[in-house]
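> Input structure: my_file.cif, which contains mmCIF, C-alpha atoms and all ligand atoms.
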```cif
data_query
loop_
_atom_site.group_PDB
_atom_site.id
_atom_site.type_symbol
_atom_site.label_atom_id
_atom_site.label_comp_id
_atom_site.auth_asym_id
_atom_site.auth_seq_id
_atom_site.Cartn_x
_atom_site.Cartn_y
_atom_site.Cartn_z
ATOM 1 C CA MET A 1 3.372 60.012 -7.972
ATOM 2 C CA THR A 2 1.912 56.748 -6.680
ATOM 3 C CA VAL A 3 2.392 56.185 -2.952
ATOM 4 C CA ARG A 4 3.340 52.691 -1.814
ATOM 5 C CA ILE A 5 3.227 51.537 1.812
ATOM 6 C CA HIS A 6 5.337 48.497 2.768
ATOM 7 C CA PRO A 7 4.919 47.450 6.420
ATOM 8 C CA SER A 8 8.005 45.786 7.877
ATOM 9 C CA ILE A 9 7.459 42.469 9.637
ATOM 10 C CA LEU A 10 10.567 43.184 11.719
ATOM 11 C CA SER A 11 8.080 44.703 14.181
ATOM 12 C CA ALA A 12 5.565 41.836 13.897
ATOM 13 C CA ASP A 13 5.088 38.754 16.070
ATOM 14 C CA PHE A 14 7.727 36.335 14.733
ATOM 15 C CA VAL A 15 5.930 33.198 15.922
ATOM 16 C CA ASN A 16 2.759 34.202 14.048
ATOM 17 C CA LEU A 17 4.096 35.616 10.793
ATOM 18 C CA GLU A 18 1.408 34.095 8.566
ATOM 19 C CA ARG A 19 -1.259 35.788 10.653
ATOM 20 C CA GLU A 20 0.749 39.027 10.806
ATOM 21 C CA VAL A 21 1.106 39.219 7.013
ATOM 22 C CA GLY A 22 -2.634 38.613 6.751
ATOM 23 C CA ARG A 23 -3.309 41.734 8.832
ATOM 24 C CA ILE A 24 -1.902 44.160 6.245
ATOM 25 C CA THR A 25 -4.144 43.612 3.240
ATOM 26 C CA ALA A 26 -4.264 47.387 2.547
ATOM 27 C CA ALA A 27 -0.494 47.462 2.041
ATOM 28 C CA ASP A 28 1.196 47.365 -1.359
ATOM 29 C CA ALA A 29 3.843 44.845 -0.290
ATOM 30 C CA VAL A 30 5.272 43.311 2.853
ATOM 31 C CA HIS A 31 8.826 44.385 3.679
ATOM 32 C CA VAL A 32 10.916 41.400 4.743
ATOM 33 C CA ASP A 33 14.151 42.211 6.600
ATOM 34 C CA VAL A 34 16.827 39.514 6.230
ATOM 35 C CA MET A 35 19.668 40.109 8.720
ATOM 36 C CA ASP A 36 22.736 37.917 9.201
ATOM 37 C CA ASN A 37 24.403 39.283 12.354
ATOM 38 C CA HIS A 38 27.455 40.163 10.215
ATOM 39 C CA PHE A 39 26.456 43.031 7.949
ATOM 40 C CA VAL A 40 24.226 44.279 10.781
ATOM 41 C CA PRO A 41 24.354 43.425 14.510
ATOM 42 C CA ASN A 42 21.008 41.629 14.448
ATOM 43 C CA LEU A 43 19.697 38.297 13.223
ATOM 44 C CA THR A 44 16.321 37.499 11.688
ATOM 45 C CA PHE A 45 15.806 34.689 9.183
ATOM 46 C CA GLY A 46 16.926 33.354 5.820
ATOM 47 C CA PRO A 47 15.581 31.839 2.620
ATOM 48 C CA GLN A 48 13.445 29.114 4.227
ATOM 49 C CA MET A 49 11.321 31.708 6.011
ATOM 50 C CA VAL A 50 11.121 33.921 2.919
ATOM 51 C CA GLU A 51 9.965 30.926 0.873
ATOM 52 C CA ARG A 52 7.167 30.221 3.368
ATOM 53 C CA LEU A 53 6.147 33.890 3.491
ATOM 54 C CA GLN A 54 5.991 33.928 -0.286
ATOM 55 C CA ALA A 55 3.667 30.904 -0.148
ATOM 56 C CA VAL A 56 1.232 32.356 2.409
ATOM 57 C CA SER A 57 1.244 36.087 1.560
ATOM 58 C CA SER A 58 -1.519 37.574 -0.592
ATOM 59 C CA ILE A 59 0.596 40.690 -1.225
ATOM 60 C CA PRO A 60 4.046 40.838 -2.890
ATOM 61 C CA LEU A 61 7.287 40.435 -0.956
ATOM 62 C CA ASP A 62 9.767 43.320 -0.815
ATOM 63 C CA VAL A 63 12.901 41.612 0.505
ATOM 64 C CA HIS A 64 15.597 43.795 2.096
ATOM 65 C CA LEU A 65 18.876 41.923 2.426
ATOM 66 C CA MET A 66 21.079 43.162 5.247
ATOM 67 C CA ILE A 67 23.660 40.447 4.733
ATOM 68 C CA ALA A 68 27.336 40.168 3.839
ATOM 69 C CA ASP A 69 28.611 38.537 0.618
ATOM 70 C CA VAL A 70 25.371 39.581 -1.022
ATOM 71 C CA ASP A 71 26.530 38.980 -4.616
ATOM 72 C CA ARG A 72 26.529 35.281 -3.757
ATOM 73 C CA TRP A 73 23.246 35.091 -1.855
ATOM 74 C CA ALA A 74 20.885 37.649 -3.425
ATOM 75 C CA PRO A 75 20.002 35.694 -6.609
ATOM 76 C CA GLY A 76 18.590 32.832 -4.523
ATOM 77 C CA TYR A 77 16.024 35.186 -2.990
ATOM 78 C CA ALA A 78 14.854 36.241 -6.453
ATOM 79 C CA GLU A 79 14.337 32.563 -7.317
ATOM 80 C CA LEU A 80 11.904 32.282 -4.382
ATOM 81 C CA GLY A 81 9.502 34.617 -6.196
ATOM 82 C CA ALA A 82 9.974 37.869 -4.298
ATOM 83 C CA GLU A 83 8.666 40.839 -6.264
ATOM 84 C CA CYS A 84 11.718 42.902 -5.345
ATOM 85 C CA VAL A 85 15.067 42.024 -3.790
ATOM 86 C CA THR A 86 17.064 44.936 -2.389
ATOM 87 C CA PHE A 87 20.717 44.572 -1.446
ATOM 88 C CA HIS A 88 23.173 46.981 0.148
ATOM 89 C CA ALA A 89 25.785 48.732 -1.971
ATOM 90 C CA GLU A 90 28.161 48.460 0.992
ATOM 91 C CA ALA A 91 27.897 44.645 0.963
ATOM 92 C CA ALA A 92 28.264 44.095 -2.782
ATOM 93 C CA ALA A 93 31.431 43.613 -4.803
ATOM 94 C CA ASP A 94 29.646 44.369 -8.106
ATOM 95 C CA VAL A 95 26.284 46.132 -7.788
ATOM 96 C CA VAL A 96 25.548 45.994 -11.525
ATOM 97 C CA ALA A 97 26.238 42.258 -11.857
ATOM 98 C CA THR A 98 24.079 41.504 -8.817
ATOM 99 C CA ALA A 99 21.223 43.692 -10.058
ATOM 100 C CA ARG A 100 21.337 41.942 -13.432
ATOM 101 C CA ALA A 101 21.338 38.535 -11.746
ATOM 102 C CA LEU A 102 18.173 39.520 -9.875
ATOM 103 C CA ARG A 103 16.375 40.737 -12.984
ATOM 104 C CA GLU A 104 17.411 37.590 -14.898
ATOM 105 C CA ARG A 105 15.652 35.582 -12.200
ATOM 106 C CA GLY A 106 12.450 37.585 -12.517
ATOM 107 C CA SER A 107 12.554 39.969 -9.588
ATOM 108 C CA LEU A 108 12.927 43.698 -9.420
ATOM 109 C CA ALA A 109 16.397 44.855 -8.370
ATOM 110 C CA GLY A 110 16.799 47.244 -5.445
ATOM 111 C CA LEU A 111 19.894 49.084 -4.233
ATOM 112 C CA ALA A 112 20.074 50.159 -0.561
ATOM 113 C CA LEU A 113 22.310 52.871 0.886
ATOM 114 C CA LYS A 114 23.163 53.252 4.571
ATOM 115 C CA PRO A 115 22.822 56.799 5.974
ATOM 116 C CA GLY A 116 26.547 57.510 5.581
ATOM 117 C CA THR A 117 26.859 56.173 2.022
ATOM 118 C CA PRO A 118 26.884 58.861 -0.689
ATOM 119 C CA VAL A 119 24.475 58.491 -3.591
ATOM 120 C CA GLU A 120 26.566 60.199 -6.269
ATOM 121 C CA PRO A 121 28.521 57.086 -7.429
ATOM 122 C CA TYR A 122 25.224 55.328 -8.156
ATOM 123 C CA LEU A 123 23.314 58.039 -10.034
ATOM 124 C CA GLU A 124 24.686 56.969 -13.409
ATOM 125 C CA LEU A 125 23.734 53.354 -12.632
ATOM 126 C CA LEU A 126 20.027 54.047 -12.017
ATOM 127 C CA PRO A 127 18.832 52.229 -15.174
ATOM 128 C CA GLU A 128 20.184 49.009 -13.631
ATOM 129 C CA PHE A 129 17.720 49.281 -10.724
ATOM 130 C CA ASP A 130 13.977 49.254 -10.148
ATOM 131 C CA GLN A 131 14.176 50.629 -6.600
ATOM 132 C CA VAL A 132 16.668 52.649 -4.546
ATOM 133 C CA LEU A 133 16.317 52.433 -0.775
ATOM 134 C CA VAL A 134 17.632 55.389 1.194
ATOM 135 C CA MET A 135 17.993 54.152 4.764
ATOM 136 C CA THR A 136 16.668 56.735 7.194
ATOM 137 C CA VAL A 137 18.133 54.902 10.211
ATOM 138 C CA GLU A 138 21.254 52.781 10.627
ATOM 139 C CA PRO A 139 20.122 49.336 9.486
ATOM 140 C CA GLY A 140 19.659 46.615 12.058
ATOM 141 C CA PHE A 141 16.811 47.493 14.375
ATOM 142 C CA GLY A 142 13.253 48.787 14.303
ATOM 143 C CA GLY A 143 11.979 51.598 16.464
ATOM 144 C CA GLN A 144 14.784 54.100 15.799
ATOM 145 C CA SER A 145 14.388 57.817 15.059
ATOM 146 C CA PHE A 146 14.105 59.137 11.502
ATOM 147 C CA MET A 147 17.325 60.780 10.213
ATOM 148 C CA ALA A 148 16.275 63.880 8.283
ATOM 149 C CA GLU A 149 19.893 64.470 7.240
ATOM 150 C CA THR A 150 19.468 61.690 4.638
ATOM 151 C CA MET A 151 16.912 63.734 2.662
ATOM 152 C CA PRO A 152 19.427 65.399 0.289
ATOM 153 C CA LYS A 153 20.126 61.922 -1.131
ATOM 154 C CA LEU A 154 16.451 61.532 -2.020
ATOM 155 C CA ARG A 155 16.396 64.946 -3.665
ATOM 156 C CA SER A 156 19.471 64.018 -5.712
ATOM 157 C CA LEU A 157 17.871 60.758 -6.787
ATOM 158 C CA ARG A 158 14.555 62.349 -7.724
ATOM 159 C CA ALA A 159 16.355 65.043 -9.725
ATOM 160 C CA ALA A 160 18.510 62.452 -11.494
ATOM 161 C CA LEU A 161 15.621 60.314 -12.751
ATOM 162 C CA ARG A 162 15.025 60.887 -16.441
ATOM 163 C CA SER A 163 11.434 60.880 -17.703
ATOM 164 C CA ASP A 164 11.757 57.234 -18.801
ATOM 165 C CA GLU A 165 13.049 56.223 -15.355
ATOM 166 C CA ARG A 166 10.190 57.594 -13.259
ATOM 167 C CA SER A 167 8.993 54.064 -12.514
ATOM 168 C CA ILE A 168 12.099 53.497 -10.353
ATOM 169 C CA ARG A 169 10.833 53.430 -6.784
ATOM 170 C CA LEU A 170 12.532 55.689 -4.268
ATOM 171 C CA GLN A 171 12.092 53.967 -0.924
ATOM 172 C CA VAL A 172 12.766 55.085 2.648
ATOM 173 C CA ASP A 173 13.058 52.788 5.659
ATOM 174 C CA GLY A 174 13.425 53.660 9.318
ATOM 175 C CA GLY A 175 11.478 55.871 11.675
ATOM 176 C CA ILE A 176 8.600 56.395 9.230
ATOM 177 C CA THR A 177 5.476 57.618 11.062
ATOM 178 C CA VAL A 178 2.614 59.988 10.230
ATOM 179 C CA ASP A 179 4.873 62.760 11.548
ATOM 180 C CA THR A 180 7.913 61.956 9.369
ATOM 181 C CA ILE A 181 6.466 60.448 6.187
ATOM 182 C CA GLY A 182 5.650 63.877 4.761
ATOM 183 C CA ILE A 183 9.291 64.964 5.070
ATOM 184 C CA ALA A 184 10.422 61.975 3.018
ATOM 185 C CA ALA A 185 7.574 62.379 0.517
ATOM 186 C CA GLU A 186 8.405 66.040 -0.068
ATOM 187 C CA ALA A 187 12.055 65.066 -0.639
ATOM 188 C CA GLY A 188 10.969 62.661 -3.389
ATOM 189 C CA ALA A 189 10.219 59.285 -1.797
ATOM 190 C CA ASP A 190 7.260 57.310 -3.121
ATOM 191 C CA THR A 191 7.697 53.978 -1.299
ATOM 192 C CA PHE A 192 7.605 53.903 2.475
ATOM 193 C CA VAL A 193 8.640 51.114 4.844
ATOM 194 C CA ALA A 194 7.075 51.313 8.293
ATOM 195 C CA GLY A 195 7.560 48.777 11.057
ATOM 196 C CA SER A 196 6.677 49.947 14.532
ATOM 197 C CA SER A 197 4.233 52.639 13.385
ATOM 198 C CA VAL A 198 2.134 49.930 11.687
ATOM 199 C CA TYR A 199 2.574 46.821 13.829
ATOM 200 C CA GLY A 200 2.665 48.883 17.036
ATOM 201 C CA ALA A 201 -0.743 50.377 16.238
ATOM 202 C CA ASP A 202 -4.004 49.010 17.647
ATOM 203 C CA ASP A 203 -5.519 49.128 14.150
ATOM 204 C CA VAL A 204 -2.847 48.259 11.581
ATOM 205 C CA GLU A 205 -5.068 48.892 8.546
ATOM 206 C CA ALA A 206 -5.945 52.372 9.888
ATOM 207 C CA ALA A 207 -2.236 53.017 10.453
ATOM 208 C CA ILE A 208 -1.485 52.099 6.824
ATOM 209 C CA ALA A 209 -4.303 54.365 5.617
ATOM 210 C CA GLY A 210 -3.032 57.224 7.776
ATOM 211 C CA LEU A 211 0.503 56.892 6.413
ATOM 212 C CA ARG A 212 -0.770 56.770 2.844
ATOM 213 C CA ALA A 213 -2.943 59.862 3.328
ATOM 214 C CA ALA A 214 -0.065 61.817 4.878
ATOM 215 C CA ALA A 215 2.280 60.934 1.996
ATOM 216 C CA ILE A 216 -0.318 61.810 -0.659
ATOM 217 C CA ALA A 217 -0.931 65.146 1.067
ATOM 218 C CA ALA A 218 2.796 65.896 1.084
ATOM 219 C CA HIS A 219 3.153 65.056 -2.604
ATOM 220 C CA ALA A 220 0.230 67.378 -3.379
ATOM 221 C CA HIS A 221 1.779 70.196 -1.346
HETATM 222 O O1 LIG B 1 15.311 47.812 7.899
HETATM 223 C C1 LIG B 1 14.903 47.990 9.008
HETATM 224 C C2 LIG B 1 15.861 48.125 10.122
HETATM 225 O O2 LIG B 1 17.133 47.967 9.631
HETATM 226 C C3 LIG B 1 13.418 48.058 9.295
HETATM 227 O O3 LIG B 1 12.687 47.813 8.124
HETATM 228 C C4 LIG B 1 13.027 49.386 9.867
HETATM 229 O O4 LIG B 1 13.798 49.720 10.930
HETATM 230 C C5 LIG B 1 11.564 49.433 10.196
HETATM 231 O O5 LIG B 1 11.337 49.738 11.514
HETATM 232 P P1 LIG B 1 10.748 51.120 12.058
HETATM 233 O O6 LIG B 1 9.695 51.568 11.091
HETATM 234 O O7 LIG B 1 10.225 50.767 13.400
HETATM 235 O O8 LIG B 1 11.903 52.095 12.103
#
```
In structure tokens, how does this file's structure come out?


Amino acid sequence: MTVRIHPSILSADFVNLEREVGRITAADAVHVDVMDNHFVPNLTFGPQMVERLQAVSSIPLDVHLMIADVDRWAPGYAELGAECVTFHAEAAADVVATARALRERGSLAGLALKPGTPVEPYLELLPEFDQVLVMTVEPGFGGQSFMAETMPKLRSLRAALRSDERSIRLQVDGGITVDTIGIAAEAGADTFVAGSSVYGADDVEAAIAGLRAAAIAAHAH
């Protein structure tokens, strides 16, 4: 299983985002948290910032939409060139239609689930998605503690993937550190978002390497 590390710029210096994205060249993608102060009680930025990040980043954008009325707004983020656009099941009226709209515009389609949202209704819809994000904190803020009680959802997802669906990324986001990444990896995650444990480190590239090594070790276990 290939391990992917996606640092979250939620924990980066917002007035120097071009420089901050340039510090994570060892990462597989940059995780971009879009928050609207409605779906979550925090506010970050919108499509203009994502468009500029897309222009200056040498690694792909993994956009995580924490916004209301996402069926209406998600397709516009795919048109900006993001590699993957992930939207919340709780914010969507029609998850299949929105996923198809993303793919039609050339991006991968990701489905995110808050910690309290069950995975079972979505297992039969997996072919519609390229990534499923199991939130391991309540969305909205960086620096929270990892919620191990979300791991059964990852196990269910990993077990549900047929052999021709193994390329679907199973992503975790929230509280991922060298101490917790192995728990998520053993439960079936292959794509790891890390904010404070990367951007809070003195050496961000070493932090990315440490996370990757810990996840690979857990998969090999
Ligand atoms: O989606 C998010 C919060 O809603 C962030 O990506 C996440 O919290 C990353 O921060 P940390 O690794 O510090 O927990």

> Can you build me a table of region 32-147 of chain A residues sitting at most 10 Å from region 158-163 of chain A, with the closest atom pair per residue and its distance in Å to one decimal, using all atoms listed in the file, sorted by chain and residue number, as CSV?


```
residue,atom,partner,partner_atom,distance
A:Glu120,CA,A:Ala160,CA,9.9
A:Leu123,CA,A:Ala160,CA,6.7
A:Glu124,CA,A:Ala160,CA,8.5
A:Leu126,CA,A:Leu161,CA,7.7
A:Pro127,CA,A:Leu161,CA,9.0
```

> Nearest to Ala99 (chain A) among A:Glu83, A:Glu138, A:Glu128, A:Asp179, with distances taken over all atoms listed in the file: which residue is it?

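Closest to Ala99 (chain A), using all atoms listed in the file: A:Glu128.
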
> Looking at A:Gly188, A:Pro7, A:Gly140, A:Gly175, which one is nearest to Asn42 (chain A), with distances taken over only C-alpha atoms?

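Closest to Asn42 (chain A), using only C-alpha atoms: A:Gly140.
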
> Apply the PyMOL selection byres (((chain A and resi 129) around 12) and not hetatm) to the displayed file and report the matching residues as a PyMOL selection string.

chain A and resi 84-87+89+95-103+107-112+122-128+130-133+161+165-170

> Write out as an MDAnalysis selection string each polymer residue (protein, DNA or RNA) that has an atom no more than 8 Å from ligand LIG 1 (chain B), with only C-alpha atoms and all ligand atoms counted.

chainID A and resid 7:11 31:33 64 66 135 137:146 173:177 193:198
